[in-house]
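K.L.:
I have a structure I would like to understand better, so I am pasting it below and will then ask my questions one at a time.
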Amino acid sequence: MPRGRRGAARIAMAAALGALRGLLAAAGPAPRNARPRWCLSPPGTRLFRQSCRRPAGPRSSPEPGRGGLPEGVEYIPTRKKGKNPMKPVGVAWYSLYTRTRLGYLFYQRQVRKARERYPHGHSVSQPCCFPGVKILPIPVLSNNYSYLVIDTSSGRAAAIDPSDPLAVQAAIEKEGVTLEAIFCTHKHWDHSGGNAELCQQHSSCKVYGSALDSIPDLTSPLTDREKVSVGCLTFQALATPGHTVGHMVYVLDGEPFGGPPCLFSGDLLFLSGCGRLFEGSAETMLASLDLAMGLGEDTLLWPGHEYALECLTFASFLELDNPALDQKWQWVMQQRQEKRITCPSTLGEEQTYNPFLRTHRPELHAVLGLQQGAGEHPDAFRARVLKEVRRRKDLYKAP
Ligand SMILES: [Zn+2]
C-alpha cells in the first residue's frame, strides 16, 4: 500500500478504535428468599436480533433461534424503528466491535496497553476462602475481573471470563491447579478473549456459555438453569439477556461448603451499577436483574468490572439522602485510594444503594420526575424507570 494511503488507513483505524473505546467505556445488588416481588418476569420480554457471525475464533455458533430462548423472550429486528435504545452511530460501532475483526484488534490493543500500564493488575486482589473452596479475583485489562474458583480438595478449578490468558495462566500455575472449565458470561472480547489460548494449554478444558452469544471456542453450550460440576463445586447457569442476547450468569452453590451462593455476574450487575443495554430492552434487563435478585440477600456478588467508585458517585447524584449509599461510597473511596478490590458485595446491600435495583422506590421516581400511569403495570413502570436511570448513566461522565 502506498505510504500516503497506509497513513490514511492508520488514521481511520485509530479514529475507529477511539470511537469504539468511547462506546465501550461504560459497559454495575435484595433479600434471600424475597422472591415474591423480584421474580415477576414480564411476559413478551424482547431482545434485539443480531448476527452471530465472528471472523476471529475457530468455531462459530449457530444463528440464534427462538428455540434456545428463555420462556417469554422474543426477538425483534435490530433496526426496528424506535426499539433500539442505542443511537444509530452507536449501533454501527457496536456491530463493528462484535461482528468484525476490528473488535478483536481493539481487544488485543486493550490487553497490550493494560499489561504495560498495570504489570501487576489494575487492583490489589485477595482470595476469598471457604472450607474446600477458594475464589481468586484476577484483575485484568484496565478494569475487568476474571475469577479462578478452586475446589481445594481435588485441585480442580474453573475460570470465569478469562479475558487475559497470561494473567489467568499465571494464577493457575501459582495455585498449582487443573483448569477444567471456563464459564463465559458473554461474547464481548473483554470477557471471552482468552478462551482460545487457555484451551490450547489445557486440552481437557471445556468452554461453557450460551449458544446464542457466539462465544469463541465454545465447546459446551448451556441452556437456562443447567448445572455443571467441577470437582465438588456446582455451578448453575442462568440466562440473563439484556446486555447481550445470550448473556449468562453463573451461581456457585454455597451449601456444600456451608457458605453463601456466589453470583458471577459478568456485565449484568456491578457494584451499584448494571450493564449497558446493547442487545435488549429495559424490560428484558429488568427481568434479568429480578431473576438475579431472587438468589437472596446473602448472595455474594462477583462482577465483571471494577466500576464501584464511578457507579456509586453516579448513584449519589440521584439519591442525595441515602446513608447506606454514603457509607458504601466512603468505604469504596478508601479501598480505591489503595487500589484494593471492592468485591464482593452482597445482593442485600446492593438493594440499598444500587439505583438499577431500586426502580420500585418512590424517592427515585421523584428525582427522575416519573409517575406510574393509570393502569400501567408495576413492572412496565419499573422498566421505564430503569430505562431512564440507564439513559442518565450513559450520559454521565465520571469526574
Ligand atoms: Zn460486555
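Order determines the names: the first chain of the C-alpha cells is A, the second B, and so forth; residues in each chain are numbered 1 upward, and ligands are numbered 1 upward as they are shown.
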Using only C-alpha atoms and all ligand atoms, determine which residues fall within 10 Å of ligand 1, then list them as a list in words.

P.N.:
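So the residues close to ligand 1 are Leu24, Ala26, Ala27, Thr185, His186, Lys187, His188, Trp189, Asp190, His191, Ser192, His243, Thr244, His247, Gly266, Asp267, Leu268, Gly275, Arg276, Leu277, Phe278, Gly304 and His305 of chain A.
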
K.L.:
Just the residues within 10 Å of A:Tyr107, please, counting only C-alpha atoms, with nothing from its chain fewer than 4 positions along; format it as a ChimeraX atom specification.

P.N.:
/A:17,21,97,101-103,111-113,141,163-164,188-191,193

K.L.:
Please dump the current selection as a PDB file, in the first residue's frame; keep C-alpha atoms.

P.N.:
```
ATOM      1  CA  LEU A  17     -10.623   2.455  17.801  1.00  0.00           C
ATOM      2  CA  ARG A  21     -13.213   2.939  23.169  1.00  0.00           C
ATOM      3  CA  TYR A  97     -16.874  -4.484  17.544  1.00  0.00           C
ATOM      4  CA  ARG A 101     -12.013  -8.352  13.111  1.00  0.00           C
ATOM      5  CA  LEU A 102     -11.782  -4.739  14.203  1.00  0.00           C
ATOM      6  CA  GLY A 103     -13.291  -5.747  17.542  1.00  0.00           C
ATOM      7  CA  VAL A 111      -4.674  -6.200  26.514  1.00  0.00           C
ATOM      8  CA  ARG A 112      -1.273  -4.906  25.385  1.00  0.00           C
ATOM      9  CA  LYS A 113      -1.802  -1.455  26.836  1.00  0.00           C
ATOM     10  CA  LEU A 141      -7.232  -5.293  31.327  1.00  0.00           C
ATOM     11  CA  SER A 163     -10.026 -12.265  29.147  1.00  0.00           C
ATOM     12  CA  ASP A 164      -6.244 -12.017  29.572  1.00  0.00           C
ATOM     13  CA  HIS A 188     -17.566  -9.454  24.300  1.00  0.00           C
ATOM     14  CA  TRP A 189     -13.833  -9.802  23.854  1.00  0.00           C
ATOM     15  CA  ASP A 190     -13.021  -8.336  27.258  1.00  0.00           C
ATOM     16  CA  HIS A 191     -14.748 -11.418  28.726  1.00  0.00           C
ATOM     17  CA  GLY A 193     -10.767 -13.128  24.523  1.00  0.00           C
TER      18      GLY A 193
END
```

K.L.:
Go through stretch 225-316 of chain A and collect every residue that DSSP, computed from the backbone, puts in strand (DSSP E or B); the answer should be as a PyMOL selection string.

P.N.:
chain A and resi 227-230+233-239+248-252+262-266+269-270+273-274+280+300-303+305

K.L.:
Please produce a file of the residues just selected, as a tab-separated table (two decimals), in the first residue's frame, where the atoms kept are N, CA, C and O atoms.

P.N.:
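Once everything was written out, this is part-v1.tsv:
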```
chain	number	residue	atom	x	y	z
A	227	LYS	N	-26.88	-27.13	35.12
A	227	LYS	CA	-25.83	-27.18	36.16
A	227	LYS	C	-24.59	-27.90	35.64
A	227	LYS	O	-24.70	-28.83	34.84
A	228	VAL	N	-23.44	-27.46	36.13
A	228	VAL	CA	-22.16	-28.08	35.76
A	228	VAL	C	-21.35	-28.29	37.04
A	228	VAL	O	-21.27	-27.39	37.88
A	229	SER	N	-20.75	-29.47	37.17
A	229	SER	CA	-19.90	-29.73	38.34
A	229	SER	C	-18.43	-29.65	37.96
A	229	SER	O	-18.02	-30.13	36.90
A	230	VAL	N	-17.66	-29.05	38.84
A	230	VAL	CA	-16.20	-29.02	38.71
A	230	VAL	C	-15.66	-29.50	40.04
A	230	VAL	O	-15.73	-28.78	41.04
A	233	LEU	N	-17.57	-28.70	43.25
A	233	LEU	CA	-18.30	-27.45	43.09
A	233	LEU	C	-19.42	-27.59	42.07
A	233	LEU	O	-19.25	-28.26	41.05
A	234	THR	N	-20.55	-26.94	42.34
A	234	THR	CA	-21.65	-26.96	41.37
A	234	THR	C	-22.00	-25.53	40.97
A	234	THR	O	-22.26	-24.67	41.83
A	235	PHE	N	-21.98	-25.32	39.67
A	235	PHE	CA	-22.35	-24.01	39.12
A	235	PHE	C	-23.66	-24.16	38.38
A	235	PHE	O	-23.86	-25.13	37.65
A	236	GLN	N	-24.53	-23.16	38.53
A	236	GLN	CA	-25.75	-23.15	37.73
A	236	GLN	C	-25.74	-21.93	36.82
A	236	GLN	O	-25.42	-20.81	37.26
A	237	ALA	N	-26.08	-22.16	35.55
A	237	ALA	CA	-26.14	-21.07	34.58
A	237	ALA	C	-27.56	-20.50	34.55
A	237	ALA	O	-28.53	-21.24	34.54
A	238	LEU	N	-27.64	-19.19	34.57
A	238	LEU	CA	-28.93	-18.52	34.43
A	238	LEU	C	-28.88	-17.60	33.23
A	238	LEU	O	-27.95	-16.79	33.09
A	239	ALA	N	-29.84	-17.72	32.33
A	239	ALA	CA	-29.90	-16.83	31.16
A	239	ALA	C	-30.36	-15.45	31.63
A	239	ALA	O	-31.42	-15.32	32.25
A	248	MET	N	-25.15	-14.83	30.15
A	248	MET	CA	-25.46	-15.77	31.23
A	248	MET	C	-24.68	-15.40	32.47
A	248	MET	O	-23.54	-14.91	32.37
A	249	VAL	N	-25.27	-15.63	33.64
A	249	VAL	CA	-24.52	-15.51	34.89
A	249	VAL	C	-24.38	-16.91	35.47
A	249	VAL	O	-25.13	-17.83	35.10
A	250	TYR	N	-23.41	-17.07	36.37
A	250	TYR	CA	-23.14	-18.39	36.95
A	250	TYR	C	-23.22	-18.29	38.47
A	250	TYR	O	-22.63	-17.38	39.06
A	251	VAL	N	-23.95	-19.23	39.05
A	251	VAL	CA	-24.15	-19.21	40.50
A	251	VAL	C	-23.50	-20.44	41.11
A	251	VAL	O	-23.86	-21.59	40.79
A	252	LEU	N	-22.49	-20.19	41.95
A	252	LEU	CA	-21.83	-21.29	42.66
A	252	LEU	C	-22.67	-21.62	43.89
A	252	LEU	O	-22.92	-20.74	44.74
A	262	CYS	N	-22.59	-17.78	45.39
A	262	CYS	CA	-21.72	-16.78	44.77
A	262	CYS	C	-22.20	-16.52	43.35
A	262	CYS	O	-22.28	-17.45	42.55
A	263	LEU	N	-22.49	-15.27	43.07
A	263	LEU	CA	-23.01	-14.90	41.75
A	263	LEU	C	-21.89	-14.26	40.94
A	263	LEU	O	-21.38	-13.19	41.31
A	264	PHE	N	-21.50	-14.90	39.84
A	264	PHE	CA	-20.54	-14.32	38.91
A	264	PHE	C	-21.36	-13.66	37.82
A	264	PHE	O	-21.93	-14.32	36.96
A	265	SER	N	-21.43	-12.33	37.91
A	265	SER	CA	-22.49	-11.63	37.17
A	265	SER	C	-22.07	-11.03	35.83
A	265	SER	O	-22.91	-10.45	35.14
A	266	GLY	N	-20.80	-11.16	35.44
A	266	GLY	CA	-20.39	-10.63	34.14
A	266	GLY	C	-20.77	-9.16	34.01
A	266	GLY	O	-20.49	-8.35	34.89
A	269	LEU	N	-24.63	-7.16	36.29
A	269	LEU	CA	-24.74	-6.38	37.53
A	269	LEU	C	-23.36	-6.06	38.07
A	269	LEU	O	-22.49	-6.93	38.13
A	270	PHE	N	-23.16	-4.78	38.43
A	270	PHE	CA	-21.91	-4.36	39.07
A	270	PHE	C	-22.23	-3.79	40.45
A	270	PHE	O	-23.40	-3.55	40.76
A	273	GLY	N	-24.19	-0.70	39.93
A	273	GLY	CA	-24.47	-0.44	38.52
A	273	GLY	C	-25.01	-1.65	37.80
A	273	GLY	O	-25.17	-2.73	38.39
A	274	CYS	N	-25.30	-1.48	36.52
A	274	CYS	CA	-25.67	-2.62	35.68
A	274	CYS	C	-25.10	-2.41	34.29
A	274	CYS	O	-24.63	-1.32	33.96
A	280	GLY	N	-30.72	-5.55	24.19
A	280	GLY	CA	-32.01	-5.86	24.81
A	280	GLY	C	-32.71	-4.60	25.26
A	280	GLY	O	-32.11	-3.53	25.35
A	300	LEU	N	-23.18	-13.51	47.42
A	300	LEU	CA	-22.02	-12.66	47.15
A	300	LEU	C	-21.97	-12.30	45.68
A	300	LEU	O	-22.16	-13.16	44.81
A	301	LEU	N	-21.74	-11.02	45.42
A	301	LEU	CA	-21.71	-10.54	44.03
A	301	LEU	C	-20.26	-10.38	43.57
A	301	LEU	O	-19.50	-9.59	44.12
A	302	TRP	N	-19.93	-11.14	42.52
A	302	TRP	CA	-18.60	-11.06	41.92
A	302	TRP	C	-18.78	-10.53	40.49
A	302	TRP	O	-19.05	-11.29	39.56
A	303	PRO	N	-18.63	-9.22	40.29
A	303	PRO	CA	-18.95	-8.63	38.98
A	303	PRO	C	-17.80	-8.74	37.98
A	303	PRO	O	-16.68	-9.08	38.34
A	305	HIS	N	-16.49	-6.19	36.29
A	305	HIS	CA	-15.69	-4.97	36.19
A	305	HIS	C	-15.53	-4.30	37.54
A	305	HIS	O	-16.39	-4.40	38.42
```

K.L.:
Among stretch 197-363 of chain A, which residues carry a DSSP assignment of alpha helix (DSSP H), reported as a ChimeraX atom specification?

P.N.:
/A:197-201,282-293,308-318,323-337,347-353,362-363

K.L.:
Please identify all polymer residues within 10 Å of A:Leu309, counting only C-alpha atoms, omitting same-chain residues fewer than 4 positions from it, and present them as number ranges by chain.

P.N.:
A: 271-272, 313-315, 328-336, 342, 398

K.L.:
Restricting the output to all heavy atoms, write the selected residues as a short mmCIF file (atom, residue, chain, number, x, y, z; two decimals), in the first residue's frame.

P.N.:
```
data_model
loop_
_atom_site.label_atom_id
_atom_site.label_comp_id
_atom_site.auth_asym_id
_atom_site.auth_seq_id
_atom_site.Cartn_x
_atom_site.Cartn_y
_atom_site.Cartn_z
N LEU A 271 -21.19 -3.53 41.22
CA LEU A 271 -21.42 -2.84 42.49
C LEU A 271 -22.04 -1.48 42.15
O LEU A 271 -21.42 -0.66 41.47
CB LEU A 271 -20.11 -2.68 43.25
CG LEU A 271 -20.21 -2.33 44.73
CD1 LEU A 271 -18.96 -2.73 45.49
CD2 LEU A 271 -20.53 -0.87 44.96
N SER A 272 -23.27 -1.27 42.51
CA SER A 272 -24.04 -0.04 42.27
C SER A 272 -24.32 0.26 40.79
O SER A 272 -24.66 1.39 40.46
CB SER A 272 -23.35 1.18 42.92
OG SER A 272 -24.20 2.28 42.91
N THR A 313 -20.69 7.06 42.68
CA THR A 313 -20.72 8.52 42.54
C THR A 313 -21.93 8.92 41.70
O THR A 313 -22.65 9.87 42.05
CB THR A 313 -19.41 9.02 41.89
OG1 THR A 313 -18.32 8.53 42.66
CG2 THR A 313 -19.35 10.53 41.84
N PHE A 314 -22.18 8.20 40.62
CA PHE A 314 -23.37 8.46 39.81
C PHE A 314 -24.63 8.31 40.66
O PHE A 314 -25.52 9.16 40.65
CB PHE A 314 -23.42 7.50 38.62
CG PHE A 314 -24.75 7.50 37.91
CD1 PHE A 314 -25.13 8.57 37.11
CD2 PHE A 314 -25.62 6.43 38.07
CE1 PHE A 314 -26.38 8.57 36.48
CE2 PHE A 314 -26.86 6.43 37.44
CZ PHE A 314 -27.24 7.50 36.64
N ALA A 315 -24.71 7.23 41.44
CA ALA A 315 -25.90 6.97 42.27
C ALA A 315 -26.12 8.09 43.28
O ALA A 315 -27.25 8.46 43.59
CB ALA A 315 -25.75 5.63 42.99
N LYS A 328 -21.24 3.24 51.84
CA LYS A 328 -20.54 2.38 50.86
C LYS A 328 -19.55 3.22 50.05
O LYS A 328 -18.44 2.78 49.74
CB LYS A 328 -21.56 1.70 49.94
CG LYS A 328 -20.98 0.58 49.11
CD LYS A 328 -20.66 -0.66 49.94
CE LYS A 328 -20.08 -1.77 49.08
NZ LYS A 328 -19.76 -2.97 49.88
N TRP A 329 -19.98 4.44 49.68
CA TRP A 329 -19.11 5.32 48.90
C TRP A 329 -17.81 5.60 49.66
O TRP A 329 -16.73 5.54 49.09
CB TRP A 329 -19.84 6.63 48.58
CG TRP A 329 -19.08 7.49 47.62
CD1 TRP A 329 -19.16 7.48 46.27
CD2 TRP A 329 -18.10 8.50 47.95
NE1 TRP A 329 -18.30 8.41 45.72
CE2 TRP A 329 -17.63 9.04 46.74
CE3 TRP A 329 -17.57 8.99 49.15
CZ2 TRP A 329 -16.68 10.05 46.68
CZ3 TRP A 329 -16.60 9.99 49.09
CH2 TRP A 329 -16.17 10.52 47.87
N GLN A 330 -17.94 5.90 50.96
CA GLN A 330 -16.75 6.19 51.78
C GLN A 330 -15.82 4.98 51.82
O GLN A 330 -14.60 5.12 51.68
CB GLN A 330 -17.19 6.51 53.21
CG GLN A 330 -18.14 7.68 53.27
CD GLN A 330 -17.57 8.84 54.06
OE1 GLN A 330 -16.49 8.72 54.62
NE2 GLN A 330 -18.25 9.96 54.08
N TRP A 331 -16.40 3.81 52.00
CA TRP A 331 -15.59 2.59 52.07
C TRP A 331 -14.90 2.32 50.73
O TRP A 331 -13.70 2.03 50.68
CB TRP A 331 -16.48 1.40 52.45
CG TRP A 331 -15.72 0.10 52.51
CD1 TRP A 331 -14.95 -0.35 53.54
CD2 TRP A 331 -15.63 -0.89 51.47
NE1 TRP A 331 -14.39 -1.57 53.22
CE2 TRP A 331 -14.79 -1.92 51.95
CE3 TRP A 331 -16.18 -1.00 50.19
CZ2 TRP A 331 -14.49 -3.05 51.19
CZ3 TRP A 331 -15.88 -2.13 49.43
CH2 TRP A 331 -15.05 -3.14 49.94
N VAL A 332 -15.66 2.49 49.65
CA VAL A 332 -15.10 2.24 48.31
C VAL A 332 -13.99 3.25 48.00
O VAL A 332 -12.94 2.90 47.45
CB VAL A 332 -16.21 2.27 47.23
CG1 VAL A 332 -15.62 2.44 45.83
CG2 VAL A 332 -17.04 0.99 47.29
N MET A 333 -14.21 4.50 48.39
CA MET A 333 -13.21 5.55 48.16
C MET A 333 -11.89 5.15 48.82
O MET A 333 -10.83 5.24 48.21
CB MET A 333 -13.75 6.86 48.76
CG MET A 333 -12.94 8.06 48.40
SD MET A 333 -13.01 8.35 46.63
CE MET A 333 -12.12 9.87 46.55
N GLN A 334 -12.01 4.68 50.05
CA GLN A 334 -10.82 4.27 50.80
C GLN A 334 -10.14 3.08 50.12
O GLN A 334 -8.91 3.07 49.93
CB GLN A 334 -11.25 3.85 52.20
CG GLN A 334 -10.26 4.16 53.25
CD GLN A 334 -10.90 3.99 54.64
OE1 GLN A 334 -11.94 3.34 54.80
NE2 GLN A 334 -10.28 4.56 55.63
N GLN A 335 -10.94 2.10 49.71
CA GLN A 335 -10.39 0.93 49.03
C GLN A 335 -9.65 1.33 47.76
O GLN A 335 -8.55 0.87 47.49
CB GLN A 335 -11.52 -0.05 48.65
CG GLN A 335 -12.17 -0.77 49.80
CD GLN A 335 -11.25 -1.82 50.42
OE1 GLN A 335 -10.71 -1.60 51.49
NE2 GLN A 335 -11.08 -2.95 49.77
N ARG A 336 -10.29 2.21 46.97
CA ARG A 336 -9.72 2.56 45.66
C ARG A 336 -8.49 3.46 45.79
O ARG A 336 -7.63 3.45 44.91
CB ARG A 336 -10.78 3.22 44.76
CG ARG A 336 -11.91 2.29 44.37
CD ARG A 336 -11.44 0.94 43.85
NE ARG A 336 -10.66 1.04 42.63
CZ ARG A 336 -9.82 0.10 42.20
NH1 ARG A 336 -9.62 -0.99 42.91
NH2 ARG A 336 -9.16 0.27 41.08
N THR A 342 -13.00 -4.07 45.30
CA THR A 342 -14.21 -3.70 46.06
C THR A 342 -15.23 -4.84 46.10
O THR A 342 -16.31 -4.68 46.64
CB THR A 342 -14.87 -2.46 45.45
OG1 THR A 342 -15.18 -2.75 44.08
CG2 THR A 342 -13.96 -1.25 45.55
N ALA A 398 -17.70 10.47 34.40
CA ALA A 398 -17.06 10.46 35.72
C ALA A 398 -16.07 11.62 35.83
O ALA A 398 -15.39 11.94 34.86
CB ALA A 398 -16.32 9.13 35.92
#
```

K.L.:
Taking only C-alpha atoms into account, name the residue in A:Phe317, A:Phe183, A:Tyr104, A:Phe356 that is nearest to A:Met285.

P.N.:
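Of A:Phe317, A:Phe183, A:Tyr104, A:Phe356, the one nearest A:Met285, counting only C-alpha atoms, is A:Phe356.
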
K.L.:
Of the residues A:Ser288, A:Glu388, A:Ala171, A:Thr219, which is the one nearest to A:Lys206, using only C-alpha atoms?

P.N.:
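Nearest to A:Lys206: A:Thr219.
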
K.L.:
Restricting the calculation to only C-alpha atoms: of A:Arg225, A:His122, A:His360, A:Arg109, which residue gets closest to A:Ala383?

P.N.:
A:His360

K.L.:
So what do you get for atom CA of A:Thr299 versus atom CA of A:Cys128, distance-wise?

P.N.:
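Interatomic distance, atom CA of A:Thr299 to atom CA of A:Cys128: 13.8 Å.
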